[in-house]
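Student: structure-v1.txt is the file, holding compact mmCIF, C-alpha atoms and all ligand atoms:
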# COMPACT_ATOMS: atom_id res chain seq x y z
CA MET F 21 54.45 15.41 48.50
CA THR F 22 53.58 13.03 45.67
CA ASP F 23 56.07 12.25 42.91
CA VAL F 24 54.20 14.42 40.43
CA GLU F 25 53.92 17.37 42.86
CA MET F 26 57.66 17.07 43.45
CA ILE F 27 58.51 17.04 39.75
CA ARG F 28 56.32 20.12 39.18
CA GLN F 29 58.16 22.28 41.73
CA TYR F 30 59.83 25.31 40.19
CA GLY F 31 63.61 25.17 39.87
CA THR F 32 66.08 28.00 40.41
CA GLY F 33 67.64 29.08 37.14
CA TRP F 34 67.40 30.95 33.86
CA TYR F 35 64.25 30.60 31.76
CA HIS F 36 63.13 31.70 28.32
CA ALA F 37 60.78 34.69 28.76
CA PHE F 38 60.20 35.76 25.11
CA TRP F 39 61.96 36.36 21.81
CA SER F 40 63.70 39.72 21.41
CA GLU F 41 61.77 40.55 18.25
CA GLU F 42 58.47 40.30 20.10
CA LEU F 43 59.21 43.48 22.04
CA ALA F 44 60.19 46.62 20.12
CA PRO F 45 61.47 49.73 21.95
CA GLY F 46 58.52 51.34 23.71
CA ALA F 47 56.40 48.17 23.56
CA VAL F 48 54.62 46.58 26.54
CA MET F 49 53.59 42.92 26.95
CA PRO F 50 51.67 41.11 29.70
CA LEU F 51 53.15 37.75 30.76
CA ARG F 52 52.43 35.11 33.35
CA TYR F 53 55.19 32.85 34.67
CA PHE F 54 55.86 31.05 37.97
CA GLY F 55 52.32 31.77 39.14
CA ARG F 56 52.91 35.54 38.92
CA ASP F 57 51.45 38.20 36.67
CA LEU F 58 54.30 40.08 35.00
CA VAL F 59 54.79 42.96 32.61
CA ALA F 60 57.61 43.11 30.08
CA PHE F 61 58.50 46.35 28.37
CA ARG F 62 61.39 47.71 26.36
CA GLY F 63 62.75 51.12 27.29
CA GLU F 64 63.07 53.71 24.57
CA GLY F 65 66.84 53.09 24.64
CA GLY F 66 66.36 49.39 23.90
CA GLN F 67 66.74 47.81 27.35
CA ALA F 68 64.21 45.04 28.14
CA HIS F 69 62.59 45.12 31.61
CA LEU F 70 60.46 42.62 33.46
CA LEU F 71 58.44 43.66 36.52
CA ASP F 72 55.62 42.37 38.68
CA ALA F 73 52.53 43.44 36.78
CA ASN F 74 50.27 45.10 39.30
CA CYS F 75 50.61 48.77 40.10
CA GLN F 76 51.33 49.42 43.77
CA HIS F 77 48.80 52.25 43.84
CA MET F 78 45.47 50.47 43.27
CA GLY F 79 46.52 47.31 41.49
CA ALA F 80 45.98 47.94 37.78
CA HIS F 81 47.85 45.55 35.46
CA LEU F 82 50.59 47.55 33.73
CA GLY F 83 50.63 45.09 30.82
CA TYR F 84 47.21 46.29 29.66
CA GLY F 85 47.49 49.91 28.64
CA GLY F 86 50.81 50.76 30.34
CA GLU F 87 53.01 53.20 28.40
CA VAL F 88 56.78 53.43 28.24
CA VAL F 89 58.58 56.68 29.04
CA GLY F 90 62.36 56.40 28.92
CA ASP F 91 63.12 53.31 31.02
CA SER F 92 59.93 53.59 33.09
CA ILE F 93 56.36 52.40 32.64
CA VAL F 94 53.30 54.58 33.24
CA CYS F 95 50.20 52.96 34.74
CA PRO F 96 47.05 53.32 32.62
CA PHE F 97 44.82 53.89 35.70
CA HIS F 98 46.16 57.13 37.32
CA ASN F 99 49.47 57.48 35.44
CA TRP F 100 51.83 56.71 38.30
CA GLU F 101 55.27 55.92 36.91
CA TRP F 102 57.54 52.97 37.82
CA SER F 103 61.23 52.44 37.02
CA GLY F 104 62.14 49.40 34.94
CA GLU F 105 65.57 49.33 36.59
CA SER F 106 64.63 49.45 40.27
CA GLY F 107 60.84 49.04 40.23
CA ALA F 108 60.63 52.26 42.30
CA ASN F 109 57.83 54.78 42.02
CA THR F 110 59.38 57.64 40.04
CA LYS F 111 56.42 59.94 39.50
CA ILE F 112 52.89 60.70 40.71
CA PRO F 113 51.51 63.28 38.25
CA TYR F 114 49.33 65.06 40.84
CA LEU F 115 51.77 65.04 43.77
CA ASP F 116 55.14 66.80 44.15
CA ARG F 117 56.87 63.70 45.50
CA CYS F 118 57.01 59.90 45.08
CA ILE F 119 56.02 57.23 47.54
CA LYS F 120 58.38 54.60 48.88
CA LYS F 121 56.74 51.68 47.12
CA SER F 122 58.23 49.61 44.36
CA LEU F 123 57.35 46.77 42.03
CA GLY F 124 59.25 43.47 42.07
CA VAL F 125 62.01 43.49 39.45
CA TRP F 126 62.92 40.30 37.60
CA ARG F 127 66.50 39.94 36.44
CA THR F 128 66.78 39.46 32.67
CA THR F 129 69.53 38.89 30.18
CA GLU F 130 69.19 39.14 26.43
CA GLN F 131 71.31 37.17 23.97
CA ASP F 132 70.97 35.29 20.67
CA GLY F 133 67.52 36.83 20.09
CA ILE F 134 66.11 35.53 23.37
CA VAL F 135 65.25 37.38 26.59
CA TYR F 136 65.89 35.09 29.55
CA MET F 137 64.55 35.64 33.08
CA TRP F 138 66.07 34.48 36.35
CA PHE F 139 63.86 32.61 38.82
CA SER F 140 64.99 31.94 42.38
CA ARG F 141 62.96 29.50 44.48
CA THR F 142 63.95 31.40 47.67
CA GLY F 143 63.72 34.83 46.05
CA SER F 144 67.32 35.63 46.99
CA GLU F 145 69.56 33.25 45.05
CA GLU F 146 71.95 35.02 42.69
CA PRO F 147 72.72 33.46 39.28
CA THR F 148 75.46 30.86 39.44
CA TYR F 149 75.65 30.48 35.65
CA THR F 150 74.60 32.26 32.47
CA PRO F 151 72.32 30.84 29.76
CA PRO F 152 74.30 29.03 27.03
CA ARG F 153 75.52 31.14 24.11
CA VAL F 154 74.42 29.82 20.73
CA ALA F 155 77.46 29.82 18.45
CA GLU F 156 75.19 29.52 15.39
CA ALA F 157 73.17 32.66 16.24
CA GLU F 158 75.90 34.94 14.86
CA ASP F 159 77.12 32.58 12.18
CA PRO F 160 76.21 34.03 8.72
CA THR F 161 75.99 30.50 7.30
CA PHE F 162 72.82 30.00 9.38
CA TYR F 163 69.38 31.51 8.77
CA PRO F 164 68.21 34.03 11.37
CA LEU F 165 66.17 32.58 14.21
CA TYR F 166 63.16 34.87 13.99
CA PRO F 167 60.43 34.37 12.95
CA HIS F 168 60.63 31.01 11.14
CA GLY F 169 62.80 29.21 13.70
CA ALA F 170 60.83 30.47 16.72
CA ASN F 171 57.86 28.31 17.72
CA ARG F 172 56.04 27.74 20.99
CA ALA F 173 53.18 25.76 22.52
CA GLU F 174 51.42 25.70 25.88
CA VAL F 175 51.82 22.31 27.56
CA THR F 176 50.57 20.67 30.74
CA PHE F 177 53.18 17.98 31.33
CA PRO F 178 55.90 18.52 33.97
CA PRO F 179 58.83 20.29 32.23
CA GLN F 180 61.26 17.61 33.32
CA PHE F 181 59.48 15.04 31.11
CA ALA F 182 60.80 16.78 28.02
CA PHE F 183 64.24 17.53 29.47
CA GLU F 184 64.83 13.90 30.45
CA ASN F 185 65.06 13.27 26.68
CA VAL F 186 68.55 14.78 26.94
CA ALA F 187 69.61 11.71 28.92
CA ASP F 188 67.25 9.16 27.39
CA ILE F 189 69.42 7.67 24.68
CA SER F 190 67.34 4.56 23.91
CA HIS F 191 64.13 6.48 23.09
CA LEU F 192 65.82 7.76 19.91
CA ARG F 193 65.33 4.30 18.40
CA THR F 194 61.83 3.60 19.73
CA VAL F 195 60.20 7.05 19.56
CA HIS F 196 62.21 8.81 16.84
CA LYS F 197 62.85 5.68 14.71
CA TRP F 198 66.63 5.89 14.62
CA SER F 199 68.12 2.70 13.16
CA ASP F 200 69.92 1.85 16.37
CA VAL F 201 70.38 2.96 19.97
CA PRO F 202 73.01 5.69 19.64
CA ALA F 203 76.44 5.17 21.16
CA LEU F 204 77.22 7.54 24.01
CA ASN F 205 80.38 9.56 23.39
CA GLY F 206 80.19 11.27 26.76
CA GLY F 207 77.90 12.91 29.24
CA GLY F 208 77.12 13.60 32.86
CA ALA F 209 76.68 16.45 35.29
CA ASP F 210 79.10 19.36 35.48
CA GLY F 211 77.86 21.86 38.04
CA ASP F 212 74.72 23.57 36.76
CA MET F 213 75.04 21.84 33.36
CA PHE F 214 74.16 18.30 32.32
CA PHE F 215 75.73 17.16 29.09
CA THR F 216 75.25 14.29 26.64
CA ASP F 217 76.98 13.60 23.33
CA PHE F 218 75.96 10.62 21.23
CA THR F 219 76.23 9.25 17.71
CA GLY F 220 73.74 7.00 15.93
CA HIS F 221 72.14 6.33 12.58
CA VAL F 222 69.00 7.84 11.10
CA PRO F 223 67.26 6.14 8.15
CA THR F 224 66.74 8.38 5.08
CA ARG F 225 65.71 7.78 1.46
CA ASP F 226 69.43 7.50 0.66
CA GLY F 227 70.11 4.97 3.41
CA ASP F 228 71.37 5.39 6.97
CA VAL F 229 73.05 8.69 7.82
CA THR F 230 75.41 9.03 10.78
CA VAL F 231 74.09 11.70 13.16
CA ARG F 232 75.80 13.18 16.19
CA VAL F 233 73.94 15.18 18.83
CA GLU F 234 75.35 17.37 21.60
CA ASN F 235 73.01 18.45 24.42
CA TYR F 236 73.90 21.02 27.07
CA GLN F 237 71.13 21.31 29.64
CA TRP F 238 71.42 24.35 31.92
CA GLY F 239 69.22 24.25 35.01
CA LEU F 240 65.63 23.11 34.55
CA GLY F 241 64.78 25.74 31.93
CA VAL F 242 67.02 25.52 28.89
CA VAL F 243 68.87 22.99 26.76
CA TYR F 244 71.20 23.90 23.91
CA SER F 245 71.39 21.11 21.34
CA ARG F 246 73.49 20.78 18.21
CA LEU F 247 72.80 18.24 15.46
CA HIS F 248 75.44 17.18 12.99
CA GLY F 249 75.02 14.89 9.99
CA LEU F 250 71.60 15.53 8.45
CA HIS F 251 71.60 19.31 8.16
CA PRO F 252 73.50 21.75 10.43
CA THR F 253 71.08 22.58 13.24
CA ALA F 254 71.26 24.24 16.64
CA GLN F 255 68.36 24.50 19.02
CA ILE F 256 67.41 26.03 22.35
CA SER F 257 64.55 24.02 23.84
CA ALA F 258 63.11 25.94 26.73
CA ILE F 259 60.26 25.31 29.11
CA THR F 260 59.02 28.04 31.44
CA PRO F 261 56.32 27.23 34.00
CA ILE F 262 53.23 29.45 33.83
CA ASP F 263 52.20 27.83 37.11
CA HIS F 264 52.48 24.34 38.59
CA ASP F 265 50.11 22.93 35.97
CA ARG F 266 50.99 24.68 32.72
CA SER F 267 54.16 25.73 30.91
CA VAL F 268 55.28 27.51 27.78
CA TYR F 269 57.44 25.24 25.64
CA SER F 270 59.59 27.26 23.21
CA LEU F 271 61.79 25.92 20.44
CA SER F 272 64.39 28.26 18.97
CA ILE F 273 65.94 26.61 15.93
CA TRP F 274 68.86 27.81 13.81
CA VAL F 275 69.38 25.90 10.56
CA GLY F 276 72.19 26.11 8.00
CA ARG F 277 71.60 28.38 5.00
CA LEU F 278 70.70 27.09 1.56
CA ASP F 279 70.16 30.54 0.00
CA ASP F 280 70.65 34.25 0.73
CA THR F 281 67.14 35.02 1.93
CA ASP F 282 66.08 35.08 5.58
CA GLU F 283 63.53 32.32 5.14
CA PRO F 284 64.63 28.67 5.53
CA LYS F 285 63.93 26.58 2.44
CA GLY F 286 63.99 22.93 1.44
CA ARG F 287 65.97 20.72 3.80
CA ALA F 288 66.48 23.58 6.24
CA LYS F 289 62.75 24.26 6.53
CA ALA F 290 62.09 20.51 6.79
CA VAL F 291 64.34 20.30 9.89
CA ILE F 292 62.34 23.02 11.66
CA ASP F 293 59.03 21.44 10.65
CA GLU F 294 60.15 18.01 11.81
CA GLN F 295 61.43 19.24 15.20
CA CYS F 296 58.13 21.02 15.81
CA LYS F 297 56.12 18.05 14.60
CA GLN F 298 57.86 15.59 16.93
CA ALA F 299 58.29 17.59 20.12
CA LEU F 300 56.13 20.69 20.10
CA ASN F 301 52.88 19.92 18.31
CA ALA F 302 50.07 17.92 19.88
CA GLY F 303 50.14 14.33 18.69
CA GLY F 304 53.90 14.39 17.92
CA ASN F 305 56.09 11.38 18.78
CA ASP F 306 57.47 13.01 21.94
CA ARG F 307 54.40 15.11 22.80
CA ILE F 308 52.01 12.16 22.88
CA ILE F 309 54.30 10.40 25.38
CA TRP F 310 54.77 13.47 27.60
CA ASP F 311 51.10 14.46 27.47
CA ASN F 312 50.02 11.08 28.82
CA GLN F 313 52.99 10.00 30.97
CA ILE F 314 52.93 9.70 34.78
CA TYR F 315 56.00 10.45 36.87
CA ILE F 316 57.67 7.52 38.64
CA GLU F 317 60.41 8.90 40.86
CA ASN F 318 61.68 5.45 41.77
CA ALA F 319 61.66 4.15 38.21
CA PRO F 320 63.43 0.79 37.78
CA LEU F 321 66.23 2.14 35.60
CA VAL F 322 68.39 -0.60 34.14
CA GLY F 323 71.74 -0.86 32.42
CA ASP F 324 73.02 2.41 30.98
CA GLU F 325 69.85 4.22 32.08
CA ARG F 326 71.28 4.51 35.57
CA ARG F 327 74.20 6.62 34.47
CA THR F 328 72.15 8.61 31.96
CA ILE F 329 68.55 9.11 33.15
CA GLY F 330 69.43 8.28 36.77
CA ALA F 331 72.30 10.75 36.77
CA PHE F 332 70.10 13.40 35.15
CA ARG F 333 67.40 12.99 37.82
CA ALA F 334 69.92 13.16 40.63
CA TRP F 335 71.42 16.32 39.11
CA ALA F 336 68.00 17.95 38.44
CA ARG F 337 67.05 17.72 42.12
CA ARG F 338 69.56 20.41 43.07
CA PHE F 339 67.47 23.17 41.45
CA ARG F 340 64.04 22.45 42.87
CA GLU F 341 62.23 23.93 45.84
CA ASP F 342 62.35 20.55 47.57
CA ASN F 343 66.08 20.05 47.22
CA ALA F 344 66.49 18.95 50.80
CA PRO F 345 68.55 15.75 51.14
CA GLN F 346 66.65 12.87 49.56
CA PRO F 347 66.47 9.29 50.79
CA PRO F 348 68.70 6.90 48.87
CA LYS F 349 67.20 5.70 45.63
CA ALA F 350 66.83 2.10 44.56
CA THR F 351 68.95 2.77 41.48
CA PRO F 352 71.94 4.85 42.58
CA VAL F 353 74.29 6.28 39.98
CA PRO F 354 77.37 4.05 39.93
CA ALA F 355 80.35 6.13 41.01
CA ASP F 356 82.79 3.83 39.25
CA VAL F 357 81.70 4.75 35.71
CA PRO F 358 82.86 8.33 35.15
CA PHE F 359 81.94 10.13 31.97
CA PRO F 360 84.37 12.20 29.95
CA LYS F 361 84.27 15.89 30.86
CA PRO F 362 82.24 18.09 28.52
CA PRO F 363 84.22 20.21 26.08
CA THR F 364 84.82 23.78 27.21
CA THR F 365 84.81 25.14 23.67
CA TYR F 366 82.38 24.40 20.89
CA VAL F 367 83.52 23.36 17.45
CA PRO F 368 81.82 25.15 14.55
CA ASN F 369 78.60 23.41 13.55
CA ARG F 370 79.17 22.57 9.90
S1 LIG A 401 46.45 51.92 39.92
FE1 LIG A 401 48.22 52.51 38.88
S2 LIG A 401 48.26 54.63 39.06
FE2 LIG A 401 46.50 54.06 40.19
FE FE A 402 62.54 12.86 22.07
Show how you would write the structure in this file as C-alpha cells.

Tutor:
Amino acid sequence: MTDVEMIRQYGTGWYHAFWSEELAPGAVMPLRYFGRDLVAFRGEGGQAHLLDANCQHMGAHLGYGGEVVGDSIVCPFHNWEWSGESGANTKIPYLDRCIKKSLGVWRTTEQDGIVYMWFSRTGSEEPTYTPPRVAEAEDPTFYPLYPHGANRAEVTFPPQFAFENVADISHLRTVHKWSDVPALNGGGADGDMFFTDFTGHVPTRDGDVTVRVENYQWGLGVVYSRLHGLHPTAQISAITPIDHDRSVYSLSIWVGRLDDTDEPKGRAKAVIDEQCKQALNAGGNDRIIWDNQIYIENAPLVGDERRTIGAFRAWARRFREDNAPQPPKATPVPADVPFPKPPTTYVPNR
C-alpha cells in the first residue's frame, strides 16, 4: 500500500452526515458516504434515520421518490415498506406477510444541529466515544448555526491533510500570517481524542491581538475548535469520505452575537467568511496547500513537530483500516516530553 492509499483508508468513528435543518419530519434525502449509497429520512415523530439506499426487492434507490410513513420508508417502485429502526421489511402491499430481508442500518446521533453517523471499518465496532458537544450551540449569546454558519465543499485531498492542521502549530505563521509561531499551552493524545491548545498573536488594523485556540479532534471525522481573542467563535470542522477519492468538508461555525437577529453581522459575519475563505473555498490559504500536497508518511519532522504532528500521526493510525502494528518510524514521539492533560470541562467561550 502506498503512503497516499494508506492515508485515504476510512477510519472508524463518528462523522458529520448532514445538518439537522436539512431534513424536516417526513423528508427523504439521498446521500453517498464511505463508497455506499445511503438514504436519510426523518420519521414523522422527528427521529432521523440512515439506511442503505437500495430496496431489497428489486434495488430501487429509496432516496429518489421514497416516502415516509411513521418511522418507515416506502419504496417508490412497488411500495414495499422498510423500518428506519431495524431496516426490516415491514409491509408488502400485495402480500399478507413480510419477507425476512432488511436494509443495512447506520447508527446516528443528533446534537447541536448536526446529525452524525457512525462508521466501523470492520462493520462490527461499537462506538467508544460520542461526538463532542458544542457548548456554544445552546448559548444565547451566540448566533444560531443554521443556515449562515453552515457551509460545505466537496474536496479530493485525503481528510487527514486538513486535520493535521490541529497539530501543525508553525503553519499558523506561514499560511495564516500570524505574527509569530504560537506557544503551545498543551496537547497530545487522550484515547480517541487529540487535543492542542495554543496562544499566539494575530495582526489587525489595531495592532497585534492575542489569540488562543483550543482544538479537540475526535477520531478522523470531527474537530471541535474554540477561538478566543478576536471574536468568540466555536467550530466543528468535519470531513466525511464519499469514497476513497472524494470527501465532503463541512464547517459548522457559531459566532458571538452582536444583535438580536439570527443573522451574523459585522465582525461575526467576517469570522465565518474568513474561515470559509481560508479553509473551505478553492484557492484559500489552507485549501491550496491541501489540494496540491502529497502525503509523506516518513516526513522528516523536526523539533516540536515530533511531539505535535508526529504524535498526531501516531494517534490517527489507530482508527484506520490498516491499523496493524506499524514498523518504527524515523521520527518517534519522544516519551520523555509529556503534555498536560486536556481539561475535562470547558470554560465558557466569552
Ligand atoms: S424495488 Fe422497492 S418495492 Fe420493488
Ligand atoms: Fe490551517

Student: Any idea what the distance is between atom CA of F:Val88 and atom CA of F:Trp138?

Tutor: 22.6 Å

Student: Hey, which residues come within 7 Å of ligand FE 402 (chain A) if we count all atoms listed in the file? Could you give them as JSON, numbers by chain?

Tutor: {"F": [185, 191, 192, 195, 196, 299, 306]}

Student: Looking at only C-alpha atoms and all ligand atoms, which of F:Ser190, F:Thr32, F:Thr22, F:Asn74 is the one that sits closest to ligand LIG 401 (chain A)?

Tutor: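 Of the candidates, the smallest distance to ligand LIG 401 (chain A) is held by F:Asn74.
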
Student: At a cut-off of 7 Å and counting only C-alpha atoms and all ligand atoms, what residues surround ligand LIG 401 (chain A)? Please answer as JSON, numbers by chain.

Tutor: {"F": [75, 76, 77, 78, 79, 80, 95, 96, 97, 98, 99, 100]}

Student: Quick one: contact table of stretch 275-343 of chain F to stretch 173-183 of chain F, 12 Å max, nearest atom pair and distance in Å to one decimal per residue, counting all atoms listed in the file, chain and number order, as a Markdown table?

Tutor:
| residue | atom | partner | partner_atom | distance |
| --- | --- | --- | --- | --- |
| F:Cys296 | CA | F:Ala173 | CA | 9.6 |
| F:Lys297 | CA | F:Ala173 | CA | 11.4 |
| F:Gln298 | CA | F:Ala182 | CA | 11.5 |
| F:Ala299 | CA | F:Ala182 | CA | 8.3 |
| F:Leu300 | CA | F:Ala173 | CA | 6.3 |
| F:Asn301 | CA | F:Ala173 | CA | 7.2 |
| F:Ala302 | CA | F:Ala173 | CA | 8.8 |
| F:Asn305 | CA | F:Ala182 | CA | 11.7 |
| F:Asp306 | CA | F:Ala182 | CA | 7.9 |
| F:Arg307 | CA | F:Ala182 | CA | 8.4 |
| F:Ile308 | CA | F:Phe177 | CA | 10.3 |
| F:Ile309 | CA | F:Phe181 | CA | 9.0 |
| F:Trp310 | CA | F:Phe177 | CA | 6.1 |
| F:Asp311 | CA | F:Phe177 | CA | 5.6 |
| F:Asn312 | CA | F:Phe177 | CA | 8.0 |
| F:Gln313 | CA | F:Phe177 | CA | 8.0 |
| F:Ile314 | CA | F:Phe177 | CA | 9.0 |
| F:Tyr315 | CA | F:Phe181 | CA | 8.1 |
| F:Ile316 | CA | F:Phe181 | CA | 10.8 |
| F:Glu317 | CA | F:Gln180 | CA | 11.6 |
| F:Ile329 | CA | F:Phe183 | CA | 10.1 |
| F:Phe332 | CA | F:Phe183 | CA | 9.1 |
| F:Arg333 | CA | F:Gln180 | CA | 8.9 |
| F:Trp335 | CA | F:Gln180 | CA | 11.8 |
| F:Ala336 | CA | F:Gln180 | CA | 8.5 |
| F:Arg337 | CA | F:Gln180 | CA | 10.5 |
| F:Phe339 | CA | F:Gln180 | CA | 11.6 |
| F:Arg340 | CA | F:Gln180 | CA | 11.1 |

Student: Any chance you could export the current selection's C-alpha atoms as a PDB file, in the frame of the given file?

Tutor:
ATOM      1  CA  CYS F 296      58.130  21.020  15.810  1.00  0.00           C
ATOM      2  CA  LYS F 297      56.120  18.050  14.600  1.00  0.00           C
ATOM      3  CA  GLN F 298      57.860  15.590  16.930  1.00  0.00           C
ATOM      4  CA  ALA F 299      58.290  17.590  20.120  1.00  0.00           C
ATOM      5  CA  LEU F 300      56.130  20.690  20.100  1.00  0.00           C
ATOM      6  CA  ASN F 301      52.880  19.920  18.310  1.00  0.00           C
ATOM      7  CA  ALA F 302      50.070  17.920  19.880  1.00  0.00           C
ATOM      8  CA  ASN F 305      56.090  11.380  18.780  1.00  0.00           C
ATOM      9  CA  ASP F 306      57.470  13.010  21.940  1.00  0.00           C
ATOM     10  CA  ARG F 307      54.400  15.110  22.800  1.00  0.00           C
ATOM     11  CA  ILE F 308      52.010  12.160  22.880  1.00  0.00           C
ATOM     12  CA  ILE F 309      54.300  10.400  25.380  1.00  0.00           C
ATOM     13  CA  TRP F 310      54.770  13.470  27.600  1.00  0.00           C
ATOM     14  CA  ASP F 311      51.100  14.460  27.470  1.00  0.00           C
ATOM     15  CA  ASN F 312      50.020  11.080  28.820  1.00  0.00           C
ATOM     16  CA  GLN F 313      52.990  10.000  30.970  1.00  0.00           C
ATOM     17  CA  ILE F 314      52.930   9.700  34.780  1.00  0.00           C
ATOM     18  CA  TYR F 315      56.000  10.450  36.870  1.00  0.00           C
ATOM     19  CA  ILE F 316      57.670   7.520  38.640  1.00  0.00           C
ATOM     20  CA  GLU F 317      60.410   8.900  40.860  1.00  0.00           C
ATOM     21  CA  ILE F 329      68.550   9.110  33.150  1.00  0.00           C
ATOM     22  CA  PHE F 332      70.100  13.400  35.150  1.00  0.00           C
ATOM     23  CA  ARG F 333      67.400  12.990  37.820  1.00  0.00           C
ATOM     24  CA  TRP F 335      71.420  16.320  39.110  1.00  0.00           C
ATOM     25  CA  ALA F 336      68.000  17.950  38.440  1.00  0.00           C
ATOM     26  CA  ARG F 337      67.050  17.720  42.120  1.00  0.00           C
ATOM     27  CA  PHE F 339      67.470  23.170  41.450  1.00  0.00           C
ATOM     28  CA  ARG F 340      64.040  22.450  42.870  1.00  0.00           C
TER      29      ARG F 340
END

Student: Out of F:Tyr53, F:Trp274, F:Phe61, F:Tyr269, which residue has the shortest atom-to-atom distance to F:Ser92 when counting all atoms listed in the file?

Tutor: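 Of all the options, F:Phe61 lies closest to F:Ser92.
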
Student: Which residue is closest to F:Glu87? Choose from F:Ala254, F:Gly46, F:Gly124, F:Ser40 and count all atoms listed in the file.

Tutor: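 Counting all atoms listed in the file, the residue closest to F:Glu87 is F:Gly46.
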
Student: Taking into account only C-alpha atoms, which residue in the set F:Ala319, F:Ile259, F:Ile273, F:Ala108 is nearest to F:Ser245?

Tutor: F:Ile273

Student: Using all atoms listed in the file, what residues lie at most 9 Å away from (66.6, 51.1, 38.3) (file coordinates), given as a ChimeraX atom specification?

Tutor: /F:91-92,103-108,125

Student: Take the residues that were just selected and, keeping C-alpha atoms, output them as a PDB file, keeping the file's coordinate frame.

Tutor:
ATOM      1  CA  ASP F  91      63.120  53.310  31.020  1.00  0.00           C
ATOM      2  CA  SER F  92      59.930  53.590  33.090  1.00  0.00           C
ATOM      3  CA  SER F 103      61.230  52.440  37.020  1.00  0.00           C
ATOM      4  CA  GLY F 104      62.140  49.400  34.940  1.00  0.00           C
ATOM      5  CA  GLU F 105      65.570  49.330  36.590  1.00  0.00           C
ATOM      6  CA  SER F 106      64.630  49.450  40.270  1.00  0.00           C
ATOM      7  CA  GLY F 107      60.840  49.040  40.230  1.00  0.00           C
ATOM      8  CA  ALA F 108      60.630  52.260  42.300  1.00  0.00           C
ATOM      9  CA  VAL F 125      62.010  43.490  39.450  1.00  0.00           C
TER      10      VAL F 125
END

Student: Name the closest residue to F:Thr148 among the candidates F:Val229, F:Val186, F:Arg277, F:Gly211; distances are taken between atoms, counting all atoms listed in the file.

Tutor: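 Using all atoms listed in the file, the shortest distance to F:Thr148 belongs to F:Gly211.
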
Student: Counting all atoms listed in the file, which residue out of F:Tyr149, F:Trp102, F:Phe162, F:Tyr136 sits closest to F:Pro252?

Tutor: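 Closest to F:Pro252, using all atoms listed in the file: F:Phe162.
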
Student: Please, what distance in Å, to one decimal, runs between atom CA of F:Asp226 and atom CA of F:Ile256?

Tutor: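 Between atom CA of F:Asp226 and atom CA of F:Ile256 the gap works out to 28.6 Å.
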
Student: Within 7 Å of F:Tyr163, counting only C-alpha atoms, which residues qualify if same-chain residues fewer than 2 places away don't, as a compact mmCIF listing (two decimals) with C-alpha atoms, in the frame of the given file?

Tutor:
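selection-v7.txt, freshly written:
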# COMPACT_ATOMS: atom_id res chain seq x y z
CA THR F 161 75.99 30.50 7.30
CA LEU F 165 66.17 32.58 14.21
CA TRP F 274 68.86 27.81 13.81
CA VAL F 275 69.38 25.90 10.56
CA GLY F 276 72.19 26.11 8.00
CA ARG F 277 71.60 28.38 5.00
CA ASP F 282 66.08 35.08 5.58
CA GLU F 283 63.53 32.32 5.14
CA PRO F 284 64.63 28.67 5.53

Student: Please measure the separation of atom CA of F:Thr194 and atom CA of F:Val242, giving the value in Å to one decimal.

Tutor: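 Computed distance, atom CA of F:Thr194 to atom CA of F:Val242, equals 24.3 Å.
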